[in-house]
>>> print(open('work_33.cif').read())   # mmCIF, C-alpha atoms
data_start
#
loop_
_atom_site.label_atom_id
_atom_site.label_comp_id
_atom_site.auth_asym_id
_atom_site.auth_seq_id
_atom_site.Cartn_x
_atom_site.Cartn_y
_atom_site.Cartn_z
CA MET A 1 103.93 60.21 1.34
CA THR A 2 101.50 62.59 -0.33
CA LYS A 3 102.25 66.21 -1.04
CA HIS A 4 99.72 68.83 -0.19
CA PHE A 5 99.41 71.86 -2.40
CA ARG A 6 97.94 75.07 -1.25
CA LEU A 7 95.98 77.04 -3.80
CA VAL A 8 97.03 80.66 -3.93
CA LYS A 9 95.17 83.29 -5.90
CA GLN A 10 97.51 85.01 -8.28
CA ALA A 11 97.17 88.48 -9.73
CA PRO A 12 95.94 88.50 -13.32
CA VAL A 13 98.72 88.38 -15.87
CA GLY A 14 99.63 91.80 -17.22
CA LYS A 15 98.65 93.86 -14.16
CA LYS A 16 102.15 93.93 -12.60
CA GLY A 17 101.03 95.99 -9.63
CA LYS A 18 99.51 98.81 -11.61
CA SER A 19 95.91 99.25 -10.59
CA ASP A 20 94.89 101.39 -13.56
CA LYS A 21 96.72 102.05 -16.81
CA LYS A 22 94.53 105.02 -17.71
CA ILE A 23 95.05 108.58 -16.52
CA SER A 24 92.90 111.69 -16.59
CA VAL A 25 94.08 114.51 -18.83
CA VAL A 26 92.68 117.87 -19.90
CA LEU A 27 92.65 118.46 -23.66
CA LYS A 28 94.14 121.73 -24.88
CA LYS A 29 92.93 121.04 -28.42
CA SER A 30 89.87 119.33 -29.86
CA ILE A 31 90.85 115.86 -31.04
CA ARG A 32 88.65 113.72 -33.23
CA ARG A 33 87.28 110.62 -31.49
CA LEU A 34 88.67 111.80 -28.14
CA GLY A 35 87.06 115.07 -27.06
CA GLN A 36 86.78 118.84 -27.23
CA ALA A 37 89.25 121.43 -25.94
CA GLY A 38 88.92 121.90 -22.17
CA GLU A 39 87.35 118.47 -21.65
CA VAL A 40 88.69 115.95 -19.12
CA VAL A 41 89.19 112.51 -20.69
CA ARG A 42 90.79 109.24 -19.60
CA VAL A 43 93.55 107.90 -21.85
CA GLN A 44 96.24 105.25 -21.70
CA ARG A 45 99.42 106.44 -19.99
CA GLY A 46 101.53 105.64 -23.05
CA TYR A 47 99.20 107.58 -25.36
CA PHE A 48 99.66 110.66 -23.20
CA ARG A 49 103.37 110.16 -22.62
CA ASN A 50 104.25 109.45 -26.26
CA TYR A 51 101.71 111.49 -28.22
CA LEU A 52 99.45 113.96 -26.43
CA GLY A 53 102.10 115.30 -24.02
CA PRO A 54 104.94 115.93 -26.52
CA GLN A 55 102.50 117.54 -28.98
CA GLU A 56 101.31 119.74 -26.08
CA TRP A 57 97.69 118.80 -26.80
CA ALA A 58 96.90 117.72 -23.23
CA LEU A 59 97.91 118.23 -19.58
CA TYR A 60 97.67 115.99 -16.52
CA ALA A 61 94.35 116.66 -14.79
CA THR A 62 95.67 117.96 -11.45
CA PRO A 63 93.35 119.98 -9.17
CA GLU A 64 95.28 123.17 -9.98
CA ILE A 65 95.02 122.59 -13.74
CA LEU A 66 91.32 121.74 -13.46
CA GLU A 67 90.68 124.98 -11.56
CA GLU A 68 92.61 127.02 -14.15
CA ILE A 69 90.84 125.29 -17.04
CA GLU A 70 87.44 125.97 -15.45
CA LYS A 71 88.33 129.69 -15.26
CA ASN A 72 89.53 129.78 -18.87
CA LYS A 73 87.01 127.35 -20.36
CA HIS A 74 85.06 130.08 -22.13
CA LEU A 75 88.27 131.34 -23.79
CA LEU A 76 89.05 127.85 -25.08
CA GLN A 77 85.50 127.47 -26.37
CA GLU A 78 85.65 130.86 -28.13
CA GLU A 79 89.00 129.98 -29.71
CA ASP A 80 87.66 126.59 -30.84
CA ALA A 81 84.52 128.27 -32.26
CA ALA A 82 86.69 130.74 -34.22
CA LYS A 83 88.75 127.86 -35.65
CA LYS A 84 85.55 126.06 -36.58
CA ILE A 85 84.20 129.12 -38.43
CA ALA A 86 87.46 129.49 -40.35
CA ALA A 87 87.42 125.76 -41.16
CA GLU A 88 83.82 126.00 -42.42
CA ALA A 89 84.81 128.83 -44.78
CA VAL A 90 87.65 126.77 -46.26
CA ALA A 91 85.45 123.67 -46.42
CA LYS A 92 82.80 125.56 -48.37
CA LYS A 93 85.46 126.76 -50.83
CA VAL A 94 86.87 123.25 -51.27
CA SER A 95 83.53 121.45 -51.60
CA ASN A 96 82.96 123.11 -55.00
CA LEU A 97 86.35 122.04 -56.36
CA VAL A 98 86.89 119.12 -58.70
CA LEU A 99 90.45 117.83 -58.95
CA GLU A 100 91.44 116.15 -62.20
CA PHE A 101 94.41 113.84 -62.53
CA LYS A 102 95.66 112.64 -65.90
CA THR A 103 97.96 109.72 -65.39
CA GLU A 104 99.35 106.83 -67.38
CA ALA A 105 97.11 103.77 -67.36
CA SER A 106 96.65 100.53 -69.24
CA GLU A 107 94.00 100.03 -71.92
CA SER A 108 91.74 98.47 -69.26
CA GLY A 109 92.02 101.57 -67.04
CA VAL A 110 94.43 100.27 -64.40
CA LEU A 111 96.88 102.99 -63.35
CA PHE A 112 100.65 102.57 -63.56
CA GLY A 113 100.98 103.84 -59.99
CA SER A 114 98.27 105.42 -57.87
CA VAL A 115 96.74 108.74 -56.86
CA THR A 116 97.48 109.47 -53.19
CA ALA A 117 96.64 112.01 -50.51
CA SER A 118 99.97 113.71 -51.30
CA ASP A 119 98.89 114.23 -54.90
CA VAL A 120 95.60 115.76 -53.74
CA ARG A 121 97.44 118.00 -51.27
CA ASN A 122 99.85 119.19 -53.98
CA GLN A 123 97.00 120.11 -56.35
CA LEU A 124 95.20 121.95 -53.55
CA GLN A 125 98.39 123.87 -52.73
CA ASP A 126 98.68 124.84 -56.39
CA LYS A 127 95.18 126.32 -56.06
CA GLY A 128 96.21 128.25 -52.92
CA ILE A 129 94.58 126.01 -50.31
CA GLU A 130 96.83 124.84 -47.48
CA VAL A 131 95.93 121.42 -46.14
CA ALA A 132 97.98 118.75 -44.36
CA LYS A 133 98.20 115.28 -45.83
CA SER A 134 96.80 113.87 -42.56
CA GLN A 135 93.60 115.88 -43.07
CA ILE A 136 92.83 114.03 -46.33
CA THR A 137 91.01 110.69 -46.36
CA LEU A 138 91.06 109.03 -49.74
CA GLN A 139 90.35 105.48 -50.80
CA HIS A 140 93.13 103.59 -52.58
CA ILE A 141 92.98 104.83 -56.19
CA LYS A 142 94.48 102.39 -58.69
CA ALA A 143 92.04 102.76 -61.59
CA VAL A 144 90.54 105.41 -63.83
CA GLY A 145 87.26 106.84 -62.53
CA GLU A 146 85.54 109.30 -60.18
CA TYR A 147 86.26 109.25 -56.46
CA ILE A 148 85.40 111.26 -53.35
CA ALA A 149 88.10 112.73 -51.09
CA TYR A 150 87.20 113.75 -47.54
CA LEU A 151 89.02 116.70 -45.97
CA GLU A 152 88.86 117.26 -42.22
CA PHE A 153 89.60 120.89 -41.40
CA HIS A 154 88.26 120.67 -37.81
CA PRO A 155 86.95 117.73 -35.77
CA GLN A 156 83.41 118.92 -36.54
CA VAL A 157 84.00 120.14 -40.12
CA VAL A 158 84.51 117.54 -42.85
CA SER A 159 84.20 118.42 -46.53
CA GLU A 160 83.80 116.23 -49.59
CA MET A 161 85.56 116.89 -52.87
CA LYS A 162 85.33 115.10 -56.23
CA VAL A 163 88.52 113.58 -57.66
CA ILE A 164 88.49 112.51 -61.31
CA VAL A 165 91.23 110.24 -62.60
CA SER A 166 91.56 109.85 -66.35
CA ARG A 167 93.96 108.14 -68.70
CA LEU A 168 96.77 110.21 -70.16
CA THR A 169 96.65 110.01 -73.95
CA HIS A 170 99.74 110.39 -76.06
CA SER A 171 99.11 112.05 -79.40
CA GLN A 172 101.34 110.86 -82.23
CA ASP A 173 102.58 113.53 -84.60
#
>>> encode(input="work_33.cif", output="structure tokens")
Amino acid sequence: MTKHFRLVKQAPVGKKGKSDKKISVVLKKSIRRLGQAGEVVRVQRGYFRNYLGPQEWALYATPEILEEIEKNKHLLQEEDAAKKIAAEAVAKKVSNLVLEFKTEASESGVLFGSVTASDVRNQLQDKGIEVAKSQITLQHIKAVGEYIAYLEFHPQVVSEMKVIVSRLTHSQD
């Protein structure tokens, strides 16, 4: 007796009945690599639910919201332009700065520790410039030398700043 099998097409693994895992949202704030304020973008549901929604950076793109955003789009653009101008002023001020760190290092120039974005932020705060640690991009500094730190004050405004790390010398009396 032979058994006959019937081939049945199965749904691809991972779909689980959901036709699309992305949703349309309207950005309330310009977000790097995602879009400008007032723009409609498609994002993963979890990204909206866990990050954009709780931070109040985006709203579901319902017809009512889209209509309201269209009416207020010029206000959002003016607000974003004002933030960009303020960011450019701070970026210009920061681009002329040189931060110097004197830290303990071996004879070969390898640091006993490292210089981090927190250290850069603290020195900037001492100079009266408020910047979040997340706005600073810095390569891993584990040796004496000159480095470049990138500061993002606005999605369209990124400034470079020189960071000099030197060896701390102990004078013997």
>>> closest_atom_pairs(input="work_33.cif", of="region 64-168 of chain A", to="region 24-33 of chain A", cutoff="12 Å", atoms="all atoms listed in the file", output="CSV")
residue,atom,partner,partner_atom,distance
A:Glu64,CA,A:Val26,CA,11.5
A:Ile65,CA,A:Val26,CA,8.1
A:Leu66,CA,A:Val26,CA,7.6
A:Glu67,CA,A:Val26,CA,11.1
A:Glu68,CA,A:Val26,CA,10.8
A:Ile69,CA,A:Val26,CA,8.2
A:Glu70,CA,A:Val26,CA,10.6
A:Asn72,CA,A:Lys28,CA,11.1
A:Lys73,CA,A:Lys28,CA,10.1
A:Leu75,CA,A:Lys28,CA,11.3
A:Leu76,CA,A:Lys28,CA,8.0
A:Gln77,CA,A:Ser30,CA,9.9
A:Glu79,CA,A:Lys29,CA,9.9
A:Asp80,CA,A:Ser30,CA,7.7
A:Ala81,CA,A:Ser30,CA,10.7
A:Lys83,CA,A:Ser30,CA,10.4
A:Lys84,CA,A:Ser30,CA,10.4
A:Gln135,CA,A:Arg32,CA,11.2
A:Glu152,CA,A:Arg32,CA,9.7
A:Phe153,CA,A:Arg32,CA,10.9
A:His154,CA,A:Ser30,CA,8.2
A:Pro155,CA,A:Arg32,CA,5.0
A:Gln156,CA,A:Arg32,CA,8.1
A:Val157,CA,A:Arg32,CA,10.5
A:Val158,CA,A:Arg32,CA,11.1
>>> axis_aligned_box(input="work_33.cif", around="region 153-161 of chain A", padding_each_side="6 Å", output="lines of an AutoDock Vina configuration file")
center_x = 86.5
center_y = 118.6
center_z = -44.3
size_x = 18.2
size_y = 16.7
size_z = 29.1
>>> resolve_selection(input="work_33.cif", expression="the PyMOL selection byres ((chain A and resi 163) around 9)", output="PyMOL selection string")
chain A and resi 97-101+120+145-149+161-162+164-165
>>> residues_near_point(input="work_33.cif", point="(94.2, 125.3, -51.7)", cutoff="12 Å", atoms="all atoms listed in the file", output="mmCIF file with C-alpha atoms, in the frame of the given file")
data_model
loop_
_atom_site.group_PDB
_atom_site.id
_atom_site.type_symbol
_atom_site.label_atom_id
_atom_site.label_comp_id
_atom_site.auth_asym_id
_atom_site.auth_seq_id
_atom_site.Cartn_x
_atom_site.Cartn_y
_atom_site.Cartn_z
ATOM 1 C CA VAL A 90 87.650 126.770 -46.260
ATOM 2 C CA ALA A 91 85.450 123.670 -46.420
ATOM 3 C CA LYS A 92 82.800 125.560 -48.370
ATOM 4 C CA LYS A 93 85.460 126.760 -50.830
ATOM 5 C CA VAL A 94 86.870 123.250 -51.270
ATOM 6 C CA SER A 95 83.530 121.450 -51.600
ATOM 7 C CA ASN A 96 82.960 123.110 -55.000
ATOM 8 C CA LEU A 97 86.350 122.040 -56.360
ATOM 9 C CA VAL A 98 86.890 119.120 -58.700
ATOM 10 C CA LEU A 99 90.450 117.830 -58.950
ATOM 11 C CA VAL A 120 95.600 115.760 -53.740
ATOM 12 C CA ARG A 121 97.440 118.000 -51.270
ATOM 13 C CA ASN A 122 99.850 119.190 -53.980
ATOM 14 C CA GLN A 123 97.000 120.110 -56.350
ATOM 15 C CA LEU A 124 95.200 121.950 -53.550
ATOM 16 C CA GLN A 125 98.390 123.870 -52.730
ATOM 17 C CA ASP A 126 98.680 124.840 -56.390
ATOM 18 C CA LYS A 127 95.180 126.320 -56.060
ATOM 19 C CA GLY A 128 96.210 128.250 -52.920
ATOM 20 C CA ILE A 129 94.580 126.010 -50.310
ATOM 21 C CA GLU A 130 96.830 124.840 -47.480
ATOM 22 C CA VAL A 131 95.930 121.420 -46.140
ATOM 23 C CA ALA A 132 97.980 118.750 -44.360
ATOM 24 C CA LEU A 151 89.020 116.700 -45.970
#
>>> atom_distance(input="work_33.cif", atom1="CA of His74 (chain A)", atom2="CA of Tyr51 (chain A)")
25.7 Å
>>> closest_residue(input="work_33.cif", among="A:Ile85, A:Ala143, A:Lys71, A:Lys133", to="Phe112 (chain A)", atoms="all atoms listed in the file")
A:Ala143
>>> closest_residue(input="work_33.cif", among="A:Ser106, A:Ser118, A:Trp57, A:Lys21", to="Arg45 (chain A)", atoms="only C-alpha atoms")
A:Lys21
>>> build_atoms(input="work_33.cif", residues="region 107-134 of chain A", atoms="N, CA and C atoms", output="PDB file, keeping the file's coordinate frame")
ATOM      1  N   GLU A 107      95.200  99.953 -71.093  1.00  0.00           N
ATOM      2  CA  GLU A 107      94.000 100.030 -71.920  1.00  0.00           C
ATOM      3  C   GLU A 107      92.743  99.716 -71.094  1.00  0.00           C
ATOM      4  N   SER A 108      92.888  98.857 -70.089  1.00  0.00           N
ATOM      5  CA  SER A 108      91.740  98.470 -69.260  1.00  0.00           C
ATOM      6  C   SER A 108      91.449  99.479 -68.155  1.00  0.00           C
ATOM      7  N   GLY A 109      92.274 100.515 -68.020  1.00  0.00           N
ATOM      8  CA  GLY A 109      92.020 101.570 -67.040  1.00  0.00           C
ATOM      9  C   GLY A 109      92.757 101.422 -65.728  1.00  0.00           C
ATOM     10  N   VAL A 110      93.653 100.449 -65.618  1.00  0.00           N
ATOM     11  CA  VAL A 110      94.430 100.270 -64.400  1.00  0.00           C
ATOM     12  C   VAL A 110      95.629 101.209 -64.441  1.00  0.00           C
ATOM     13  N   LEU A 111      95.799 101.990 -63.386  1.00  0.00           N
ATOM     14  CA  LEU A 111      96.880 102.990 -63.350  1.00  0.00           C
ATOM     15  C   LEU A 111      98.250 102.336 -63.200  1.00  0.00           C
ATOM     16  N   PHE A 112      99.260 102.972 -63.773  1.00  0.00           N
ATOM     17  CA  PHE A 112     100.650 102.570 -63.560  1.00  0.00           C
ATOM     18  C   PHE A 112     101.143 103.401 -62.377  1.00  0.00           C
ATOM     19  N   GLY A 113     100.705 103.073 -61.205  1.00  0.00           N
ATOM     20  CA  GLY A 113     100.980 103.840 -59.990  1.00  0.00           C
ATOM     21  C   GLY A 113      99.652 104.047 -59.285  1.00  0.00           C
ATOM     22  N   SER A 114      99.533 105.141 -58.548  1.00  0.00           N
ATOM     23  CA  SER A 114      98.270 105.420 -57.870  1.00  0.00           C
ATOM     24  C   SER A 114      98.163 106.918 -57.608  1.00  0.00           C
ATOM     25  N   VAL A 115      96.974 107.364 -57.269  1.00  0.00           N
ATOM     26  CA  VAL A 115      96.740 108.740 -56.860  1.00  0.00           C
ATOM     27  C   VAL A 115      96.609 108.710 -55.343  1.00  0.00           C
ATOM     28  N   THR A 116      97.428 109.509 -54.652  1.00  0.00           N
ATOM     29  CA  THR A 116      97.480 109.470 -53.190  1.00  0.00           C
ATOM     30  C   THR A 116      97.045 110.789 -52.578  1.00  0.00           C
ATOM     31  N   ALA A 117      96.974 110.799 -51.248  1.00  0.00           N
ATOM     32  CA  ALA A 117      96.640 112.010 -50.510  1.00  0.00           C
ATOM     33  C   ALA A 117      97.677 113.103 -50.768  1.00  0.00           C
ATOM     34  N   SER A 118      98.925 112.723 -50.991  1.00  0.00           N
ATOM     35  CA  SER A 118      99.970 113.710 -51.300  1.00  0.00           C
ATOM     36  C   SER A 118      99.696 114.403 -52.625  1.00  0.00           C
ATOM     37  N   ASP A 119      99.227 113.651 -53.604  1.00  0.00           N
ATOM     38  CA  ASP A 119      98.890 114.230 -54.900  1.00  0.00           C
ATOM     39  C   ASP A 119      97.740 115.225 -54.765  1.00  0.00           C
ATOM     40  N   VAL A 120      96.736 114.867 -53.979  1.00  0.00           N
ATOM     41  CA  VAL A 120      95.600 115.760 -53.740  1.00  0.00           C
ATOM     42  C   VAL A 120      96.076 117.015 -53.033  1.00  0.00           C
ATOM     43  N   ARG A 121      96.907 116.845 -52.001  1.00  0.00           N
ATOM     44  CA  ARG A 121      97.440 118.000 -51.270  1.00  0.00           C
ATOM     45  C   ARG A 121      98.221 118.932 -52.198  1.00  0.00           C
ATOM     46  N   ASN A 122      99.049 118.366 -53.066  1.00  0.00           N
ATOM     47  CA  ASN A 122      99.850 119.190 -53.980  1.00  0.00           C
ATOM     48  C   ASN A 122      98.963 119.992 -54.928  1.00  0.00           C
ATOM     49  N   GLN A 123      97.904 119.371 -55.453  1.00  0.00           N
ATOM     50  CA  GLN A 123      97.000 120.110 -56.350  1.00  0.00           C
ATOM     51  C   GLN A 123      96.255 121.209 -55.595  1.00  0.00           C
ATOM     52  N   LEU A 124      95.876 120.920 -54.350  1.00  0.00           N
ATOM     53  CA  LEU A 124      95.200 121.950 -53.550  1.00  0.00           C
ATOM     54  C   LEU A 124      96.142 123.114 -53.253  1.00  0.00           C
ATOM     55  N   GLN A 125      97.401 122.816 -52.973  1.00  0.00           N
ATOM     56  CA  GLN A 125      98.390 123.870 -52.730  1.00  0.00           C
ATOM     57  C   GLN A 125      98.595 124.720 -53.972  1.00  0.00           C
ATOM     58  N   ASP A 126      98.564 124.096 -55.145  1.00  0.00           N
ATOM     59  CA  ASP A 126      98.680 124.840 -56.390  1.00  0.00           C
ATOM     60  C   ASP A 126      97.517 125.811 -56.562  1.00  0.00           C
ATOM     61  N   LYS A 127      96.358 125.459 -55.989  1.00  0.00           N
ATOM     62  CA  LYS A 127      95.180 126.320 -56.060  1.00  0.00           C
ATOM     63  C   LYS A 127      95.105 127.301 -54.893  1.00  0.00           C
ATOM     64  N   GLY A 128      96.144 127.299 -54.028  1.00  0.00           N
ATOM     65  CA  GLY A 128      96.210 128.250 -52.920  1.00  0.00           C
ATOM     66  C   GLY A 128      95.521 127.807 -51.651  1.00  0.00           C
ATOM     67  N   ILE A 129      95.241 126.524 -51.516  1.00  0.00           N
ATOM     68  CA  ILE A 129      94.580 126.010 -50.310  1.00  0.00           C
ATOM     69  C   ILE A 129      95.574 125.152 -49.547  1.00  0.00           C
ATOM     70  N   GLU A 130      95.885 125.582 -48.317  1.00  0.00           N
ATOM     71  CA  GLU A 130      96.830 124.840 -47.480  1.00  0.00           C
ATOM     72  C   GLU A 130      96.089 123.772 -46.694  1.00  0.00           C
ATOM     73  N   VAL A 131      96.524 122.545 -46.853  1.00  0.00           N
ATOM     74  CA  VAL A 131      95.930 121.420 -46.140  1.00  0.00           C
ATOM     75  C   VAL A 131      97.031 120.391 -45.876  1.00  0.00           C
ATOM     76  N   ALA A 132      96.995 119.777 -44.692  1.00  0.00           N
ATOM     77  CA  ALA A 132      97.980 118.750 -44.360  1.00  0.00           C
ATOM     78  C   ALA A 132      97.540 117.412 -44.944  1.00  0.00           C
ATOM     79  N   LYS A 133      98.499 116.585 -45.257  1.00  0.00           N
ATOM     80  CA  LYS A 133      98.200 115.280 -45.830  1.00  0.00           C
ATOM     81  C   LYS A 133      97.346 114.451 -44.864  1.00  0.00           C
ATOM     82  N   SER A 134      97.558 114.636 -43.565  1.00  0.00           N
ATOM     83  CA  SER A 134      96.800 113.870 -42.560  1.00  0.00           C
ATOM     84  C   SER A 134      95.335 114.279 -42.497  1.00  0.00           C
TER      85      SER A 134
END
